[in-house]
Amino acid sequence: MTHASVPPAAHETAVYTHGHHETAVYTHGHHESVLRSHSWRTAANSAAYLLPELRAGLDVLDVGCGPGTITADLAALVAPGRVTGVDAAEDVLTKARAAADGRGLENVRFAVADVHALDFPDDSFDVVHAHQVLQHVGDPVAALREMRRVCRPGGIVAARDSDYGAFAWFPEVPVLDGWLELYHRVARANGGEPDAGRRLYSWARRAGFTDITATAGTWCFATPEERAWWSGLWADRTTASGYADLAVSGGHATAGELAAIAEGWREWGGREDAWFMVPHGEILCRVT
């Protein structure tokens, strides 16, 4: 432990624009295989590092909320405080509203927003949270500054991002090495940084934060059900999502090469001794 853009996924070609910053294309899009992953996320499995800081009555902004499963959990935890979930994609917010309505939550609302230019006054929230967002934006330091702007003094800006370069799996199916190298190329060509987890602390310092707690957390997929789910969604994502379209249109891979990678995912998922770890960097930045 060390002390010291919303994904624009309305469609595969959505971009961030903010002044003269480079644009970034959201690599994944919102194909069903992507939402299958996003809808699995909860505050417990994706924001455990933040939960001790939450209490009833806090106002929370959830940036890049996607289908709203984490947002709804946060709303239940801070009620009667209010939670605002924002994403650059109006279509995914329809799913988020349905998730909140299904749980009978009345203290949550959703809106379209760009993390580089949030449409909220200074000092609007006690907690500003972003999960798997900064790896997809063109200027993560500017995004963190904007998150700090709308956070009240004494509040917390929290971010968690995976780190693709530190992913680990067994058995070592060779085609998955090719998948990882391809993913890095596609994501970086889109203006993102897939190894964001290891960079969060540095980005927060560059954004001007001085009171930062940096930690790490993991997802681990090892049961037969977990392996089938994880390998299946990546096999589908590799051939049918916005990522697949961008890989082919950008000249990074052919459809045949993507099909071979998808088959490699299924091969890995079918192994009884298969295991996969997704590491994440995490930051809690106290606003002074």
# chains A, B, ... in the order shown; residues from 1 in each chain; ligands from 1
call {"tool": "select_by_dssp", "arguments": {"residues": "region 8-179 of chain A", "states": "strand (DSSP E)", "output": "JSON, numbers by chain"}}
result
{"A": [60, 61, 62, 63, 83, 84, 85, 86, 87, 108, 109, 110, 111, 112, 125, 126, 127, 128, 129, 130, 131, 151, 152, 153, 154, 155, 156, 157, 158, 159, 160, 161, 162, 168, 169, 170]}
call {"tool": "write_last_selection", "arguments": {"atoms": "N, CA, C and O atoms", "output": "CSV table (one decimal), in the first residue's frame"}}
result
chain,number,residue,atom,x,y,z
A,60,VAL,N,-23.0,10.8,-4.2
A,60,VAL,CA,-22.0,10.1,-5.0
A,60,VAL,C,-22.2,10.3,-6.5
A,60,VAL,O,-23.4,10.2,-7.0
A,61,LEU,N,-21.1,10.5,-7.2
A,61,LEU,CA,-21.1,10.5,-8.7
A,61,LEU,C,-20.4,9.2,-9.2
A,61,LEU,O,-19.3,9.0,-8.8
A,62,ASP,N,-21.1,8.4,-10.0
A,62,ASP,CA,-20.5,7.2,-10.6
A,62,ASP,C,-20.3,7.5,-12.1
A,62,ASP,O,-21.2,7.5,-12.9
A,63,VAL,N,-19.0,7.6,-12.4
A,63,VAL,CA,-18.6,8.0,-13.8
A,63,VAL,C,-18.4,6.8,-14.6
A,63,VAL,O,-17.8,5.8,-14.2
A,83,VAL,N,-27.2,9.2,-5.5
A,83,VAL,CA,-26.2,8.8,-6.4
A,83,VAL,C,-26.6,9.1,-7.8
A,83,VAL,O,-27.7,8.9,-8.2
A,84,THR,N,-25.6,9.7,-8.5
A,84,THR,CA,-25.8,10.1,-9.9
A,84,THR,C,-24.9,9.2,-10.8
A,84,THR,O,-23.7,9.2,-10.6
A,85,GLY,N,-25.4,8.4,-11.7
A,85,GLY,CA,-24.6,7.6,-12.6
A,85,GLY,C,-24.6,8.3,-14.0
A,85,GLY,O,-25.6,8.7,-14.5
A,86,VAL,N,-23.4,8.5,-14.5
A,86,VAL,CA,-23.3,9.1,-15.8
A,86,VAL,C,-22.5,8.2,-16.8
A,86,VAL,O,-21.6,7.5,-16.4
A,87,ASP,N,-22.8,8.3,-18.1
A,87,ASP,CA,-22.1,7.5,-19.1
A,87,ASP,C,-22.3,8.3,-20.4
A,87,ASP,O,-23.2,9.2,-20.5
A,108,VAL,N,-31.4,7.4,-6.9
A,108,VAL,CA,-30.4,7.3,-8.0
A,108,VAL,C,-31.0,7.9,-9.2
A,108,VAL,O,-32.2,7.8,-9.5
A,109,ARG,N,-30.2,8.6,-10.0
A,109,ARG,CA,-30.6,9.1,-11.3
A,109,ARG,C,-29.4,9.0,-12.2
A,109,ARG,O,-28.3,8.8,-11.8
A,110,PHE,N,-29.7,9.0,-13.5
A,110,PHE,CA,-28.7,8.8,-14.6
A,110,PHE,C,-28.8,9.9,-15.6
A,110,PHE,O,-29.8,10.5,-15.9
A,111,ALA,N,-27.6,10.2,-16.2
A,111,ALA,CA,-27.5,11.2,-17.2
A,111,ALA,C,-26.3,11.0,-18.1
A,111,ALA,O,-25.4,10.3,-17.8
A,112,VAL,N,-26.4,11.5,-19.3
A,112,VAL,CA,-25.3,11.4,-20.3
A,112,VAL,C,-24.3,12.5,-19.9
A,112,VAL,O,-24.6,13.6,-19.6
A,125,PHE,N,-20.2,16.8,-5.1
A,125,PHE,CA,-20.4,15.4,-4.6
A,125,PHE,C,-19.4,15.1,-3.5
A,125,PHE,O,-18.3,15.7,-3.5
A,126,ASP,N,-19.7,14.2,-2.6
A,126,ASP,CA,-18.8,13.7,-1.6
A,126,ASP,C,-17.9,12.7,-2.1
A,126,ASP,O,-16.7,12.6,-1.6
A,127,VAL,N,-18.3,11.9,-3.0
A,127,VAL,CA,-17.5,10.8,-3.6
A,127,VAL,C,-17.7,10.8,-5.1
A,127,VAL,O,-18.8,10.9,-5.6
A,128,VAL,N,-16.6,10.7,-5.8
A,128,VAL,CA,-16.6,10.6,-7.3
A,128,VAL,C,-15.9,9.3,-7.6
A,128,VAL,O,-14.7,9.2,-7.4
A,129,HIS,N,-16.6,8.4,-8.3
A,129,HIS,CA,-16.1,7.0,-8.5
A,129,HIS,C,-16.1,6.7,-10.0
A,129,HIS,O,-17.0,7.1,-10.7
A,130,ALA,N,-15.0,6.0,-10.4
A,130,ALA,CA,-14.9,5.5,-11.8
A,130,ALA,C,-14.3,4.1,-11.8
A,130,ALA,O,-13.2,3.9,-11.3
A,131,HIS,N,-15.1,3.2,-12.4
A,131,HIS,CA,-14.6,1.8,-12.5
A,131,HIS,C,-14.3,1.5,-14.0
A,131,HIS,O,-15.2,1.5,-14.8
A,151,CYS,N,-15.8,17.3,-6.9
A,151,CYS,CA,-15.8,16.7,-5.5
A,151,CYS,C,-15.5,17.7,-4.5
A,151,CYS,O,-14.7,18.6,-4.6
A,152,ARG,N,-16.3,17.6,-3.4
A,152,ARG,CA,-16.2,18.6,-2.3
A,152,ARG,C,-14.9,18.4,-1.5
A,152,ARG,O,-14.4,17.3,-1.4
A,153,PRO,N,-14.4,19.5,-0.9
A,153,PRO,CA,-13.3,19.4,0.0
A,153,PRO,C,-13.6,18.4,1.1
A,153,PRO,O,-14.7,18.4,1.7
A,154,GLY,N,-12.6,17.5,1.3
A,154,GLY,CA,-12.8,16.4,2.3
A,154,GLY,C,-13.4,15.2,1.7
A,154,GLY,O,-13.5,14.1,2.4
A,155,GLY,N,-13.8,15.3,0.4
A,155,GLY,CA,-14.4,14.1,-0.2
A,155,GLY,C,-13.3,13.2,-0.9
A,155,GLY,O,-12.1,13.4,-0.7
A,156,ILE,N,-13.8,12.2,-1.6
A,156,ILE,CA,-12.9,11.2,-2.2
A,156,ILE,C,-13.1,11.1,-3.7
A,156,ILE,O,-14.3,10.9,-4.1
A,157,VAL,N,-12.1,11.0,-4.4
A,157,VAL,CA,-12.1,10.6,-5.8
A,157,VAL,C,-11.5,9.2,-5.9
A,157,VAL,O,-10.4,9.0,-5.4
A,158,ALA,N,-12.3,8.2,-6.4
A,158,ALA,CA,-11.9,6.8,-6.4
A,158,ALA,C,-11.9,6.3,-7.8
A,158,ALA,O,-12.8,6.5,-8.6
A,159,ALA,N,-10.8,5.5,-8.1
A,159,ALA,CA,-10.8,4.9,-9.5
A,159,ALA,C,-10.2,3.5,-9.4
A,159,ALA,O,-9.2,3.3,-8.6
A,160,ARG,N,-10.6,2.7,-10.2
A,160,ARG,CA,-10.1,1.3,-10.3
A,160,ARG,C,-10.1,0.9,-11.8
A,160,ARG,O,-11.0,1.0,-12.5
A,161,ASP,N,-8.9,0.4,-12.2
A,161,ASP,CA,-8.7,0.0,-13.6
A,161,ASP,C,-7.9,-1.3,-13.6
A,161,ASP,O,-7.0,-1.5,-12.9
A,162,SER,N,-8.3,-2.2,-14.5
A,162,SER,CA,-7.5,-3.4,-14.7
A,162,SER,C,-6.2,-3.1,-15.4
A,162,SER,O,-6.0,-2.0,-15.9
A,168,ALA,N,-2.8,-12.9,-15.8
A,168,ALA,CA,-2.1,-14.2,-15.7
A,168,ALA,C,-3.1,-15.3,-15.9
A,168,ALA,O,-4.2,-15.2,-15.4
A,169,TRP,N,-2.7,-16.4,-16.5
A,169,TRP,CA,-3.6,-17.5,-16.7
A,169,TRP,C,-2.8,-18.8,-16.9
A,169,TRP,O,-1.6,-18.8,-17.1
A,170,PHE,N,-3.5,-19.9,-16.6
A,170,PHE,CA,-3.0,-21.3,-16.8
A,170,PHE,C,-4.1,-22.1,-17.2
A,170,PHE,O,-5.3,-21.9,-16.8
call {"tool": "residues_around", "arguments": {"residues": "Arg206 (chain A)", "least_positions_apart": "2", "cutoff": "12 Å", "atoms": "only C-alpha atoms", "output": "PyMOL selection string"}}
result
chain A and resi 139-145+199-204+208-210+212
call {"tool": "residues_around", "arguments": {"residues": "Gly192 (chain A)", "least_positions_apart": "4", "cutoff": "6 Å", "atoms": "only C-alpha atoms", "output": "list in words"}}
result
Gln135, His136, Val137, Gly138, Ala187 and Arg188 of chain A
call {"tool": "residues_around", "arguments": {"residues": "Ala99 (chain A)", "least_positions_apart": "2", "cutoff": "8 Å", "atoms": "only C-alpha atoms", "output": "VMD selection string"}}
result
chain A and resid 67 to 69 72 95 to 97 101 to 103
call {"tool": "closest_residue", "arguments": {"among": "A:Phe221, A:Cys65, A:Trp179, A:Met277", "to": "Arg237 (chain A)", "atoms": "only C-alpha atoms"}}
result
A:Trp179
call {"tool": "residues_around", "arguments": {"residues": "Arg198 (chain A)", "least_positions_apart": "2", "cutoff": "7 Å", "atoms": "only C-alpha atoms", "output": "list in words"}}
result
Asp163, Asp195, Ala196, Leu200 and Gly281 of chain A
call {"tool": "residues_around", "arguments": {"residues": "Gly250 (chain A)", "least_positions_apart": "4", "cutoff": "9 Å", "atoms": "only C-alpha atoms", "output": "list in words"}}
result
Val186, Ala189, Asp245 and Leu246 of chain A
call {"tool": "closest_residue", "arguments": {"among": "A:Gly57, A:Gly64, A:Pro279, A:Gly264", "to": "Ala216 (chain A)", "atoms": "only C-alpha atoms"}}
result
A:Pro279
call {"tool": "closest_residue", "arguments": {"among": "A:Thr238, A:Thr94, A:Ser249, A:Thr288", "to": "Leu180 (chain A)", "atoms": "only C-alpha atoms"}}
result
A:Thr238
call {"tool": "residues_around", "arguments": {"residues": "Ala274 (chain A)", "least_positions_apart": "3", "cutoff": "8 Å", "atoms": "only C-alpha atoms", "output": "list in words"}}
result
Trp169, Phe170, Pro171, Ala222, Arg227, Trp268, Gly269, Gly270 and Arg271 of chain A
call {"tool": "closest_residue", "arguments": {"among": "A:Leu284, A:Trp219, A:Val133, A:Asp119", "to": "Pro52 (chain A)", "atoms": "only C-alpha atoms"}}
result
A:Leu284
call {"tool": "closest_residue", "arguments": {"among": "A:Leu134, A:Ala48, A:Ala98, A:Met147", "to": "Pro121 (chain A)", "atoms": "only C-alpha atoms"}}
result
A:Met147
call {"tool": "atom_distance", "arguments": {"atom1": "CA of Glu193 (chain A)", "atom2": "CA of Tyr164 (chain A)"}}
result
9.3 Å
call {"tool": "closest_residue", "arguments": {"among": "A:Leu233, A:Ala247, A:Ala89, A:Ala240", "to": "Asn190 (chain A)", "atoms": "only C-alpha atoms"}}
result
A:Ala247
